[in-house]
$ cat input_12.cif   # mmCIF, C-alpha atoms
data_query
#
loop_
_atom_site.label_atom_id
_atom_site.label_comp_id
_atom_site.auth_asym_id
_atom_site.auth_seq_id
_atom_site.Cartn_x
_atom_site.Cartn_y
_atom_site.Cartn_z
CA MET A 585 -1.39 19.97 -64.16
CA SER A 586 -0.77 16.21 -63.80
CA THR A 587 2.03 13.72 -64.49
CA GLU A 588 1.68 10.32 -66.05
CA ILE A 589 4.15 7.48 -65.54
CA TYR A 590 5.36 5.91 -68.78
CA PRO A 591 5.20 3.14 -69.34
CA PRO A 592 2.11 2.95 -67.04
CA LEU A 593 2.46 0.94 -63.78
CA GLU A 594 -0.19 -1.32 -62.42
CA GLN A 595 -1.80 -0.31 -59.12
CA ASN A 596 -0.30 -3.24 -57.20
CA LYS A 597 3.16 -2.26 -58.45
CA ILE A 598 2.67 1.32 -57.25
CA GLU A 599 1.57 0.04 -53.82
CA GLN A 600 4.60 -2.24 -53.67
CA ILE A 601 7.00 0.61 -54.44
CA SER A 602 5.26 2.81 -51.85
CA LYS A 603 5.58 0.07 -49.24
CA GLU A 604 9.26 -0.42 -50.01
CA ASN A 605 9.87 3.32 -49.67
CA ARG A 606 8.10 3.39 -46.31
CA LEU A 607 10.25 0.49 -45.10
CA LEU A 608 13.40 2.29 -46.22
CA GLU A 609 12.29 5.41 -44.34
CA GLN A 610 11.48 3.39 -41.21
CA ARG A 611 14.84 1.60 -41.28
CA TRP A 612 16.65 4.91 -41.67
CA LEU A 613 14.63 6.42 -38.80
CA ILE A 614 15.38 3.47 -36.52
CA ASP A 615 19.07 3.17 -37.40
CA SER A 616 20.01 6.85 -37.72
CA ILE A 617 17.65 8.69 -35.33
CA ILE A 618 16.19 6.41 -32.65
CA LYS A 619 18.94 3.90 -31.87
CA PRO A 620 21.69 6.51 -31.34
CA ASP A 621 19.53 8.12 -28.61
CA LEU A 622 18.91 4.86 -26.75
CA ASP A 623 22.30 5.05 -25.01
CA ASP A 624 21.27 8.39 -23.48
CA VAL A 625 17.94 6.89 -22.40
CA LEU A 626 19.75 3.99 -20.74
CA ASP A 627 22.21 6.32 -19.00
CA ALA A 628 19.37 8.45 -17.59
CA LEU A 629 17.52 5.37 -16.35
CA THR A 630 20.72 4.09 -14.71
CA THR A 631 21.10 7.42 -12.90
CA CYS A 632 17.49 7.21 -11.68
CA LEU A 633 18.06 3.65 -10.48
CA ASP A 634 21.24 4.60 -8.61
CA MET A 635 19.51 7.51 -6.89
CA LEU A 636 16.51 5.41 -5.91
CA THR A 637 18.50 2.46 -4.55
CA SER A 638 21.02 4.58 -2.66
CA ASN A 639 21.21 3.67 1.03
CA ASP A 640 22.08 7.24 1.97
CA ALA A 641 19.60 8.55 4.55
CA VAL A 642 17.58 11.52 3.28
CA LEU A 643 16.45 13.55 6.31
CA LEU A 644 13.33 15.60 5.57
CA PRO A 645 11.83 18.29 7.83
CA VAL A 646 8.17 17.77 8.72
CA SER A 647 6.21 20.88 9.62
CA SER A 648 2.59 21.87 9.11
CA SER A 649 2.58 25.15 7.22
CA ARG A 650 0.35 27.50 9.22
CA THR A 651 -0.21 25.58 12.44
CA GLU A 652 1.73 23.71 15.10
CA GLN A 653 -0.12 20.45 14.42
CA VAL A 654 3.00 18.53 13.34
CA LYS A 655 6.70 19.18 13.94
CA GLY A 656 9.64 16.84 13.44
CA THR A 657 11.56 14.87 10.85
CA LEU A 658 11.08 11.96 8.46
CA THR A 659 13.93 9.89 7.01
CA ARG A 660 13.83 8.02 3.70
CA GLN A 661 16.31 5.36 2.66
CA SER A 662 15.85 3.92 -0.81
CA THR A 663 12.20 2.80 -1.00
CA GLU A 664 11.60 2.85 2.78
CA VAL A 665 10.71 5.33 5.47
CA SER A 666 13.41 4.38 7.96
CA ASP A 667 12.58 6.89 10.70
CA ILE A 668 9.84 9.21 11.87
CA ASP A 669 10.19 11.53 14.83
CA VAL A 670 7.28 13.96 15.08
CA ALA A 671 5.16 15.64 17.73
CA LEU A 672 1.41 15.91 17.14
CA HIS A 673 -0.55 18.75 18.67
CA PHE A 674 -4.15 18.36 17.48
CA THR A 675 -6.91 20.42 19.05
CA THR A 676 -9.01 17.25 19.21
CA PHE A 677 -6.38 15.59 21.44
CA SER A 678 -6.16 16.52 25.10
CA LYS A 679 -2.37 16.03 25.09
CA LYS A 680 0.55 16.19 22.68
CA VAL A 681 1.47 12.85 21.15
CA HIS A 682 5.06 11.93 20.28
CA LEU A 683 5.54 9.49 17.39
CA LYS A 684 9.00 7.92 17.15
CA LEU A 685 9.44 4.98 14.79
CA LYS A 686 10.86 1.80 16.28
CA ASN A 687 14.29 0.82 14.92
CA SER A 688 12.85 -2.44 13.59
CA ALA A 689 9.83 -0.86 11.90
CA HIS A 690 10.94 0.31 8.47
CA LEU A 691 7.94 1.22 6.33
CA GLU A 692 8.02 0.22 2.66
CA MET A 693 6.66 2.90 0.32
CA GLU A 694 4.75 0.89 -2.26
CA GLN A 695 4.94 3.59 -4.93
CA LEU A 696 8.75 3.63 -4.78
CA SER A 697 8.95 -0.18 -4.79
CA SER A 698 6.74 -0.18 -7.88
CA LEU A 699 8.89 2.55 -9.45
CA LEU A 700 12.04 0.51 -8.83
CA SER A 701 10.54 -2.52 -10.59
CA LEU A 702 9.33 -0.39 -13.52
CA ILE A 703 12.74 1.23 -14.01
CA ASN A 704 14.41 -2.19 -14.09
CA ASP A 705 11.88 -3.46 -16.63
CA THR A 706 12.33 -0.35 -18.77
CA MET A 707 16.12 -0.69 -18.75
CA THR A 708 15.81 -4.30 -19.88
CA GLY A 709 13.49 -3.18 -22.67
CA VAL A 710 15.94 -0.51 -23.87
CA VAL A 711 18.84 -3.00 -23.93
CA LEU A 712 16.76 -5.43 -26.02
CA LEU A 713 15.66 -2.61 -28.32
CA LYS A 714 19.26 -1.57 -29.00
CA ASP A 715 19.98 -5.03 -30.43
CA HIS A 716 16.66 -5.42 -32.24
CA ASP A 717 16.83 -6.08 -35.99
CA LYS A 718 16.16 -2.80 -37.77
CA ASP A 719 14.47 -4.70 -40.60
CA ASP A 720 11.74 -5.83 -38.19
CA CYS A 721 10.10 -2.42 -37.98
CA ASP A 722 6.80 -3.67 -36.58
CA GLY A 723 8.53 -5.56 -33.76
CA PHE A 724 10.72 -2.55 -33.02
CA GLY A 725 7.63 -0.34 -32.80
CA ARG A 726 5.91 -2.70 -30.36
CA LYS A 727 8.94 -2.78 -28.06
CA LEU A 728 9.27 1.01 -28.22
CA GLU A 729 5.59 1.35 -27.31
CA LYS A 730 6.12 -0.92 -24.28
CA ILE A 731 9.01 1.27 -23.11
CA LEU A 732 6.82 4.37 -23.49
CA SER A 733 4.06 2.69 -21.49
CA ASN A 734 6.50 1.81 -18.69
CA LEU A 735 7.81 5.38 -18.55
CA ALA A 736 4.24 6.68 -18.23
CA LYS A 737 3.71 4.26 -15.33
CA CYS A 738 6.96 5.45 -13.73
CA ASN A 739 5.76 9.04 -13.78
CA ALA A 740 2.34 8.00 -12.47
CA ALA A 741 4.03 6.19 -9.56
CA LEU A 742 5.75 9.44 -8.55
CA ASN A 743 2.79 11.72 -9.07
CA LYS A 744 -0.41 9.90 -8.16
CA PRO A 745 -0.73 7.59 -5.13
CA PRO A 746 -3.02 4.56 -5.60
CA GLU A 747 -6.05 4.16 -3.36
CA LYS A 748 -4.51 1.21 -1.50
CA VAL A 749 -1.92 3.49 0.17
CA LEU A 750 -4.53 6.05 1.26
CA PHE A 751 -7.16 6.28 3.97
CA PRO A 752 -9.39 4.34 4.52
CA MET A 753 -7.87 1.39 2.63
CA HIS A 754 -4.41 1.87 4.18
CA ARG A 755 -4.13 1.00 7.87
CA LEU A 756 -1.28 1.20 10.38
CA ASP A 757 -1.36 0.14 14.01
CA ILE A 758 0.59 2.94 15.68
CA THR A 759 1.20 0.80 18.79
CA GLU A 760 3.15 -1.71 16.69
CA ILE A 761 5.43 0.63 14.76
CA PHE A 762 6.04 3.51 17.18
CA ILE A 763 7.86 3.57 20.51
CA PRO A 764 5.32 3.76 23.37
CA ASP A 765 4.66 7.33 24.54
CA GLU A 766 3.52 6.53 28.08
CA LYS A 767 -0.03 5.22 27.47
CA LYS A 768 -1.00 7.83 24.87
CA LEU A 769 -0.55 5.61 21.81
CA GLU A 770 -2.77 2.91 23.26
CA HIS A 771 -5.39 5.54 24.08
CA TYR A 772 -5.32 7.13 20.62
CA LYS A 773 -4.55 4.09 18.45
CA ASP A 774 -8.07 3.90 16.98
CA ARG A 775 -8.29 7.67 16.64
CA ILE A 776 -5.13 8.35 14.60
CA ALA A 777 -4.77 7.41 10.94
CA ILE A 778 -1.36 7.88 9.28
CA ASP A 779 -0.58 7.54 5.58
CA PHE A 780 2.75 7.85 3.74
CA PHE A 781 2.75 8.39 -0.01
CA VAL A 782 4.43 10.22 -2.88
CA LEU A 783 2.53 13.04 -4.56
CA ASN A 784 4.05 15.10 -7.38
CA GLY A 785 7.51 13.79 -6.46
CA GLU A 786 7.20 14.82 -2.80
CA VAL A 787 7.13 12.50 0.20
CA SER A 788 3.80 13.23 1.85
CA LEU A 789 2.62 12.53 5.39
CA GLU A 790 -1.10 12.70 6.10
CA ILE A 791 -2.39 12.41 9.67
CA LYS A 792 -6.06 12.34 10.62
CA SER A 793 -7.82 12.60 13.96
CA LEU A 794 -10.89 10.37 13.97
CA HIS A 795 -14.09 10.29 15.97
CA ILE A 796 -15.39 6.76 16.54
CA VAL A 797 -19.14 6.58 15.96
CA THR A 798 -20.99 4.83 18.79
CA GLU A 799 -24.59 5.79 18.08
CA GLU A 800 -26.99 3.20 16.69
CA PRO A 801 -27.65 2.34 13.94
CA TRP A 802 -24.76 4.32 12.44
CA CYS A 803 -22.04 2.43 14.28
CA HIS A 804 -23.16 -1.00 13.09
CA VAL A 805 -20.71 -2.93 10.85
CA ASP A 806 -21.68 -6.27 9.33
CA PRO A 807 -19.03 -8.77 10.55
CA ILE A 808 -19.47 -10.92 7.42
CA THR A 809 -19.38 -8.32 4.62
CA GLY A 810 -17.41 -5.64 6.49
CA LYS A 811 -19.93 -3.06 5.27
CA SER A 812 -21.36 -0.53 7.68
CA HIS A 813 -24.91 0.78 7.94
CA VAL A 814 -23.68 3.93 6.20
CA ASP A 815 -22.14 1.91 3.33
CA LYS A 816 -25.42 0.07 2.77
CA LEU A 817 -27.45 3.29 2.78
CA ARG A 818 -25.12 4.91 0.26
CA ASP A 819 -25.31 1.82 -1.93
CA ASP A 820 -29.11 1.89 -1.77
CA LEU A 821 -29.12 5.58 -2.69
CA LYS A 822 -26.71 5.00 -5.58
CA HIS A 823 -28.90 2.28 -7.06
CA LYS A 824 -32.09 4.23 -6.27
CA ARG A 825 -33.46 1.54 -3.98
CA VAL A 826 -34.30 4.25 -1.46
CA LYS A 827 -34.74 8.00 -1.53
CA ILE A 828 -32.93 10.48 0.65
CA THR A 829 -36.32 11.47 2.06
CA ASP A 830 -36.76 7.88 3.22
CA ILE A 831 -33.65 8.30 5.36
CA LEU A 832 -33.75 11.93 6.45
CA GLU A 833 -36.66 14.01 7.60
CA PRO A 834 -37.47 17.17 5.59
CA GLU A 835 -35.26 19.28 7.82
CA GLY A 836 -32.32 16.93 7.14
CA THR A 837 -32.41 14.85 10.32
CA TYR A 838 -32.87 11.18 11.05
CA LYS A 839 -35.42 10.04 13.59
CA ARG A 840 -33.57 11.15 16.67
CA GLY A 841 -32.46 8.89 19.48
CA ILE A 842 -32.15 9.90 23.11
CA THR A 843 -28.56 11.09 22.64
CA HIS A 844 -29.71 13.70 20.12
CA VAL A 845 -32.54 14.83 22.35
CA LEU A 846 -30.16 15.31 25.26
CA GLY A 847 -27.61 17.04 23.03
CA ILE A 848 -24.88 14.53 23.86
CA ASN A 849 -23.95 13.68 20.29
CA LYS A 850 -22.43 16.53 18.27
CA PHE A 851 -23.00 14.87 14.88
CA THR A 852 -26.23 14.87 12.94
CA PRO A 853 -27.48 11.93 10.90
CA HIS A 854 -26.61 13.97 7.82
CA ASP A 855 -22.99 14.03 9.06
CA TYR A 856 -23.01 10.26 9.49
CA LEU A 857 -24.39 9.77 6.00
CA THR A 858 -21.98 12.15 4.25
CA ARG A 859 -18.85 11.93 6.43
CA GLY A 860 -18.98 8.48 7.97
CA VAL A 861 -16.26 6.08 6.80
CA THR A 862 -15.79 2.39 7.53
CA TYR A 863 -12.26 2.02 8.83
CA ASN A 864 -10.60 -0.89 10.60
CA GLY A 865 -13.92 -2.51 11.50
CA LYS A 866 -15.45 0.69 12.87
CA VAL A 867 -17.37 3.68 11.58
CA VAL A 868 -15.39 6.89 12.00
CA ILE A 869 -15.67 10.56 11.12
CA GLU A 870 -12.63 12.69 10.35
CA VAL A 871 -12.53 15.65 12.74
CA GLU A 872 -9.06 17.03 12.08
CA LYS A 873 -6.39 16.54 9.44
CA THR A 874 -2.99 17.77 8.40
CA VAL A 875 -0.97 16.96 5.28
CA VAL A 876 2.75 17.72 5.13
CA TYR A 877 4.64 17.67 1.82
CA CYS A 878 8.40 17.07 2.13
CA GLN A 879 10.54 18.07 -0.84
CA ASP A 880 12.89 15.16 -1.42
CA PRO A 881 15.70 16.39 -3.74
CA SER A 882 16.45 12.90 -5.08
CA LEU A 883 12.84 12.08 -5.91
CA LEU A 884 12.32 15.48 -7.54
CA SER A 885 15.41 14.90 -9.69
CA ILE A 886 14.26 11.39 -10.62
CA GLY A 887 10.85 12.78 -11.53
CA ALA A 888 12.35 15.44 -13.79
CA LYS A 889 14.53 12.87 -15.60
CA LEU A 890 11.67 10.41 -16.08
CA ASN A 891 9.37 13.13 -17.36
CA GLY A 892 12.01 14.17 -19.92
CA LEU A 893 12.52 10.54 -20.97
CA GLU A 894 8.79 10.00 -21.48
CA HIS A 895 8.66 13.12 -23.68
CA LEU A 896 11.68 11.95 -25.73
CA VAL A 897 10.44 8.40 -26.25
CA SER A 898 6.97 9.70 -27.05
CA LYS A 899 8.46 11.73 -29.92
CA MET A 900 10.41 8.67 -31.11
CA TYR A 901 7.30 6.52 -31.13
CA SER A 902 5.16 9.21 -32.75
CA ASN A 903 7.65 9.70 -35.61
CA LEU A 904 7.97 5.94 -36.18
CA ASP A 905 4.19 5.47 -36.05
CA MET A 906 3.66 8.23 -38.62
CA SER A 907 6.20 6.66 -40.97
CA MET A 908 4.23 3.40 -40.89
CA MET A 909 1.03 5.00 -42.17
#
$ encode --input "input_12.cif" --output "structure tokens"
Amino acid sequence: MSTEIYPPLEQNKIEQISKENRLLEQRWLIDSIIKPDLDDVLDALTTCLDMLTSNDAVLLPVSSSRTEQVKGTLTRQSTEVSDIDVALHFTTFSKKVHLKLKNSAHLEMEQLSSLLSLINDTMTGVVLLKDHDKDDCDGFGRKLEKILSNLAKCNAALNKPPEKVLFPMHRLDITEIFIPDEKKLEHYKDRIAIDFFVLNGEVSLEIKSLHIVTEEPWCHVDPITGKSHVDKLRDDLKHKRVKITDILEPEGTYKRGITHVLGINKFTPHDYLTRGVTYNGKVVIEVEKTVVYCQDPSLLSIGAKLNGLEHLVSKMYSNLDMSMM
């Protein structure tokens, strides 16, 4: 069964009517559905901003779950770690090490600084969108898409730390930021790596004990490129310039030096090749690690609100995009 329009309409007239109907639907969607919800979006963002910029000190317990490796507290204020007071008891250290942050050494958490900037940008975008001409549907859609993109970046900032805040790219000199603990910090300064980051809305503290490689040629670092012997070998293997058999003997060992023969060095060449990392101008191997996740109520609340906002705005954008087809 079919229906004919009488008198018949030309194809271009039908397309024009269809376009006008889509525009009417889009204007109704913008004016009656999307814009009324923007005030709630702005209110939620304002709450997130207030919580993030609060100068109230948030004291978080720091404790390794099944061991006594780390015990103490960490304090966050706004986007900074304002205090750390922990005791390290690693089996690879001969003595306990006490880390107490100097009063002048507040540590900026880059993820939270980025989140703060993104929230401000998103709030500006929502304010502009509220006043946007509903007849300019395409422009409205582009601004809404930008807000959605910013909200996705906000959630990423709280859930996935970038490489630059993690070992081995991130570096802290513990003798500069912590109060001297007799001469222990000076002794261990090249053997302790500390990273602060946010993972899944939790403030995370990762501490590594490092072994400094001294055996040739594995310890060599090019002073010009900053690449180590290990880096160059891995690069050659990646680009198939050498074979693993060119580096290791069939049993998985390098041509041994005197230290291997005497049993002085506990690492094999295979360890150097797979575990060696160039860090702070040296080649190191991680020998012990602990990661502590501190549940920060404010950050968890911010994360929940931002996740809900991204879901809401995603539905807004999806409905508007479908009406434009």
$ resolve_selection --input "input_12.cif" --expression "the PyMOL selection byres ((chain A and resi 741) around 10)" --output "JSON list (two decimals) with C-alpha atoms, in the frame of the given file"
[["chain", "number", "residue", "atom", "x", "y", "z"],
["A", 694, "GLU", "CA", 4.75, 0.89, -2.26],
["A", 695, "GLN", "CA", 4.94, 3.59, -4.93],
["A", 696, "LEU", "CA", 8.75, 3.63, -4.78],
["A", 697, "SER", "CA", 8.95, -0.18, -4.79],
["A", 698, "SER", "CA", 6.74, -0.18, -7.88],
["A", 699, "LEU", "CA", 8.89, 2.55, -9.45],
["A", 700, "LEU", "CA", 12.04, 0.51, -8.83],
["A", 702, "LEU", "CA", 9.33, -0.39, -13.52],
["A", 735, "LEU", "CA", 7.81, 5.38, -18.55],
["A", 736, "ALA", "CA", 4.24, 6.68, -18.23],
["A", 737, "LYS", "CA", 3.71, 4.26, -15.33],
["A", 738, "CYS", "CA", 6.96, 5.45, -13.73],
["A", 739, "ASN", "CA", 5.76, 9.04, -13.78],
["A", 740, "ALA", "CA", 2.34, 8.00, -12.47],
["A", 742, "LEU", "CA", 5.75, 9.44, -8.55],
["A", 743, "ASN", "CA", 2.79, 11.72, -9.07],
["A", 744, "LYS", "CA", -0.41, 9.90, -8.16],
["A", 745, "PRO", "CA", -0.73, 7.59, -5.13],
["A", 746, "PRO", "CA", -3.02, 4.56, -5.60],
["A", 781, "PHE", "CA", 2.75, 8.39, -0.01],
["A", 782, "VAL", "CA", 4.43, 10.22, -2.88],
["A", 783, "LEU", "CA", 2.53, 13.04, -4.56],
["A", 784, "ASN", "CA", 4.05, 15.10, -7.38],
["A", 785, "GLY", "CA", 7.51, 13.79, -6.46],
["A", 887, "GLY", "CA", 10.85, 12.78, -11.53]]
$ closest_residue --input "input_12.cif" --among "A:Asn864, A:Thr657, A:Leu821, A:Lys827" --to "Asp757 of chain A" --atoms "all atoms listed in the file"
A:Asn864
$ resolve_selection --input "input_12.cif" --expression "the PyMOL selection byres ((chain A and resi 633-636) around 10)" --output "VMD selection string"
chain A and resid 627 to 632 637 to 640 661 to 663 696 to 697 699 to 701 703 to 704 707 882 to 883 885 to 886
$ write_last_selection --input "input_12.cif" --atoms "C-alpha atoms" --output "PDB file, keeping the file's coordinate frame"
ATOM      1  CA  ASP A 627      22.210   6.320 -19.000  1.00  0.00           C
ATOM      2  CA  ALA A 628      19.370   8.450 -17.590  1.00  0.00           C
ATOM      3  CA  LEU A 629      17.520   5.370 -16.350  1.00  0.00           C
ATOM      4  CA  THR A 630      20.720   4.090 -14.710  1.00  0.00           C
ATOM      5  CA  THR A 631      21.100   7.420 -12.900  1.00  0.00           C
ATOM      6  CA  CYS A 632      17.490   7.210 -11.680  1.00  0.00           C
ATOM      7  CA  THR A 637      18.500   2.460  -4.550  1.00  0.00           C
ATOM      8  CA  SER A 638      21.020   4.580  -2.660  1.00  0.00           C
ATOM      9  CA  ASN A 639      21.210   3.670   1.030  1.00  0.00           C
ATOM     10  CA  ASP A 640      22.080   7.240   1.970  1.00  0.00           C
ATOM     11  CA  GLN A 661      16.310   5.360   2.660  1.00  0.00           C
ATOM     12  CA  SER A 662      15.850   3.920  -0.810  1.00  0.00           C
ATOM     13  CA  THR A 663      12.200   2.800  -1.000  1.00  0.00           C
ATOM     14  CA  LEU A 696       8.750   3.630  -4.780  1.00  0.00           C
ATOM     15  CA  SER A 697       8.950  -0.180  -4.790  1.00  0.00           C
ATOM     16  CA  LEU A 699       8.890   2.550  -9.450  1.00  0.00           C
ATOM     17  CA  LEU A 700      12.040   0.510  -8.830  1.00  0.00           C
ATOM     18  CA  SER A 701      10.540  -2.520 -10.590  1.00  0.00           C
ATOM     19  CA  ILE A 703      12.740   1.230 -14.010  1.00  0.00           C
ATOM     20  CA  ASN A 704      14.410  -2.190 -14.090  1.00  0.00           C
ATOM     21  CA  MET A 707      16.120  -0.690 -18.750  1.00  0.00           C
ATOM     22  CA  SER A 882      16.450  12.900  -5.080  1.00  0.00           C
ATOM     23  CA  LEU A 883      12.840  12.080  -5.910  1.00  0.00           C
ATOM     24  CA  SER A 885      15.410  14.900  -9.690  1.00  0.00           C
ATOM     25  CA  ILE A 886      14.260  11.390 -10.620  1.00  0.00           C
TER      26      ILE A 886
END
$ residues_around --input "input_12.cif" --residues "Ala671 of chain A" --least-positions-apart "3" --cutoff "7 Å" --atoms "all atoms listed in the file" --output "VMD selection string"
chain A and resid 654 to 656 680 to 683
$ atom_distance --input "input_12.cif" --atom1 "atom CA of Phe674 of chain A" --atom2 "atom CA of Glu652 of chain A"
8.3 Å
$ build_atoms --input "input_12.cif" --residues "segment 754-762 of chain A" --atoms "all heavy atoms" --output "compact mmCIF listing (two decimals), in the coordinates of the input"
# COMPACT_ATOMS: atom_id res chain seq x y z
N HIS A 754 -5.71 2.08 3.53
CA HIS A 754 -4.41 1.87 4.18
C HIS A 754 -4.57 1.97 5.69
O HIS A 754 -5.20 2.90 6.20
CB HIS A 754 -3.41 2.92 3.68
CG HIS A 754 -2.06 2.77 4.28
ND1 HIS A 754 -1.52 3.67 5.17
CD2 HIS A 754 -1.12 1.80 4.13
CE1 HIS A 754 -0.32 3.28 5.52
NE2 HIS A 754 -0.05 2.15 4.91
N ARG A 755 -3.99 1.02 6.42
CA ARG A 755 -4.13 1.00 7.87
C ARG A 755 -2.80 0.68 8.53
O ARG A 755 -2.09 -0.24 8.10
CB ARG A 755 -5.17 -0.05 8.30
CG ARG A 755 -6.56 0.23 7.75
CD ARG A 755 -7.47 -0.97 7.90
NE ARG A 755 -8.73 -0.76 7.20
CZ ARG A 755 -9.63 -1.70 7.01
NH1 ARG A 755 -9.42 -2.92 7.46
NH2 ARG A 755 -10.75 -1.43 6.36
N LEU A 756 -2.48 1.44 9.57
CA LEU A 756 -1.28 1.20 10.38
C LEU A 756 -1.68 1.16 11.84
O LEU A 756 -2.46 2.00 12.30
CB LEU A 756 -0.24 2.31 10.18
CG LEU A 756 0.59 2.32 8.90
CD1 LEU A 756 1.48 3.55 8.88
CD2 LEU A 756 1.43 1.06 8.79
N ASP A 757 -1.16 0.19 12.56
CA ASP A 757 -1.36 0.14 14.01
C ASP A 757 -0.20 0.90 14.65
O ASP A 757 0.94 0.42 14.67
CB ASP A 757 -1.38 -1.32 14.49
CG ASP A 757 -1.74 -1.43 15.96
OD1 ASP A 757 -1.55 -0.45 16.71
OD2 ASP A 757 -2.19 -2.51 16.38
N ILE A 758 -0.49 2.08 15.17
CA ILE A 758 0.59 2.94 15.68
C ILE A 758 1.27 2.32 16.90
O ILE A 758 2.43 2.63 17.19
CB ILE A 758 0.08 4.35 16.02
CG1 ILE A 758 -0.99 4.31 17.11
CG2 ILE A 758 -0.44 5.04 14.76
CD1 ILE A 758 -1.41 5.70 17.58
N THR A 759 0.58 1.43 17.62
CA THR A 759 1.20 0.80 18.79
C THR A 759 2.24 -0.24 18.40
O THR A 759 3.09 -0.61 19.21
CB THR A 759 0.13 0.13 19.69
OG1 THR A 759 -0.55 -0.88 18.93
CG2 THR A 759 -0.87 1.15 20.18
N GLU A 760 2.19 -0.70 17.14
CA GLU A 760 3.15 -1.71 16.69
C GLU A 760 4.40 -1.10 16.09
O GLU A 760 5.47 -1.69 16.15
CB GLU A 760 2.49 -2.64 15.66
CG GLU A 760 1.42 -3.56 16.24
CD GLU A 760 0.88 -4.52 15.19
OE1 GLU A 760 1.30 -4.41 14.02
OE2 GLU A 760 0.03 -5.36 15.54
N ILE A 761 4.28 0.07 15.49
CA ILE A 761 5.43 0.63 14.76
C ILE A 761 6.12 1.78 15.48
O ILE A 761 7.25 2.13 15.14
CB ILE A 761 5.02 1.07 13.34
CG1 ILE A 761 3.99 2.21 13.41
CG2 ILE A 761 4.49 -0.10 12.53
CD1 ILE A 761 3.68 2.81 12.05
N PHE A 762 5.45 2.38 16.47
CA PHE A 762 6.04 3.51 17.18
C PHE A 762 6.40 3.14 18.61
O PHE A 762 5.74 2.29 19.24
CB PHE A 762 5.10 4.72 17.19
CG PHE A 762 4.86 5.34 15.85
CD1 PHE A 762 3.64 5.22 15.21
CD2 PHE A 762 5.88 6.02 15.21
CE1 PHE A 762 3.42 5.78 13.96
CE2 PHE A 762 5.69 6.59 13.95
CZ PHE A 762 4.46 6.47 13.33
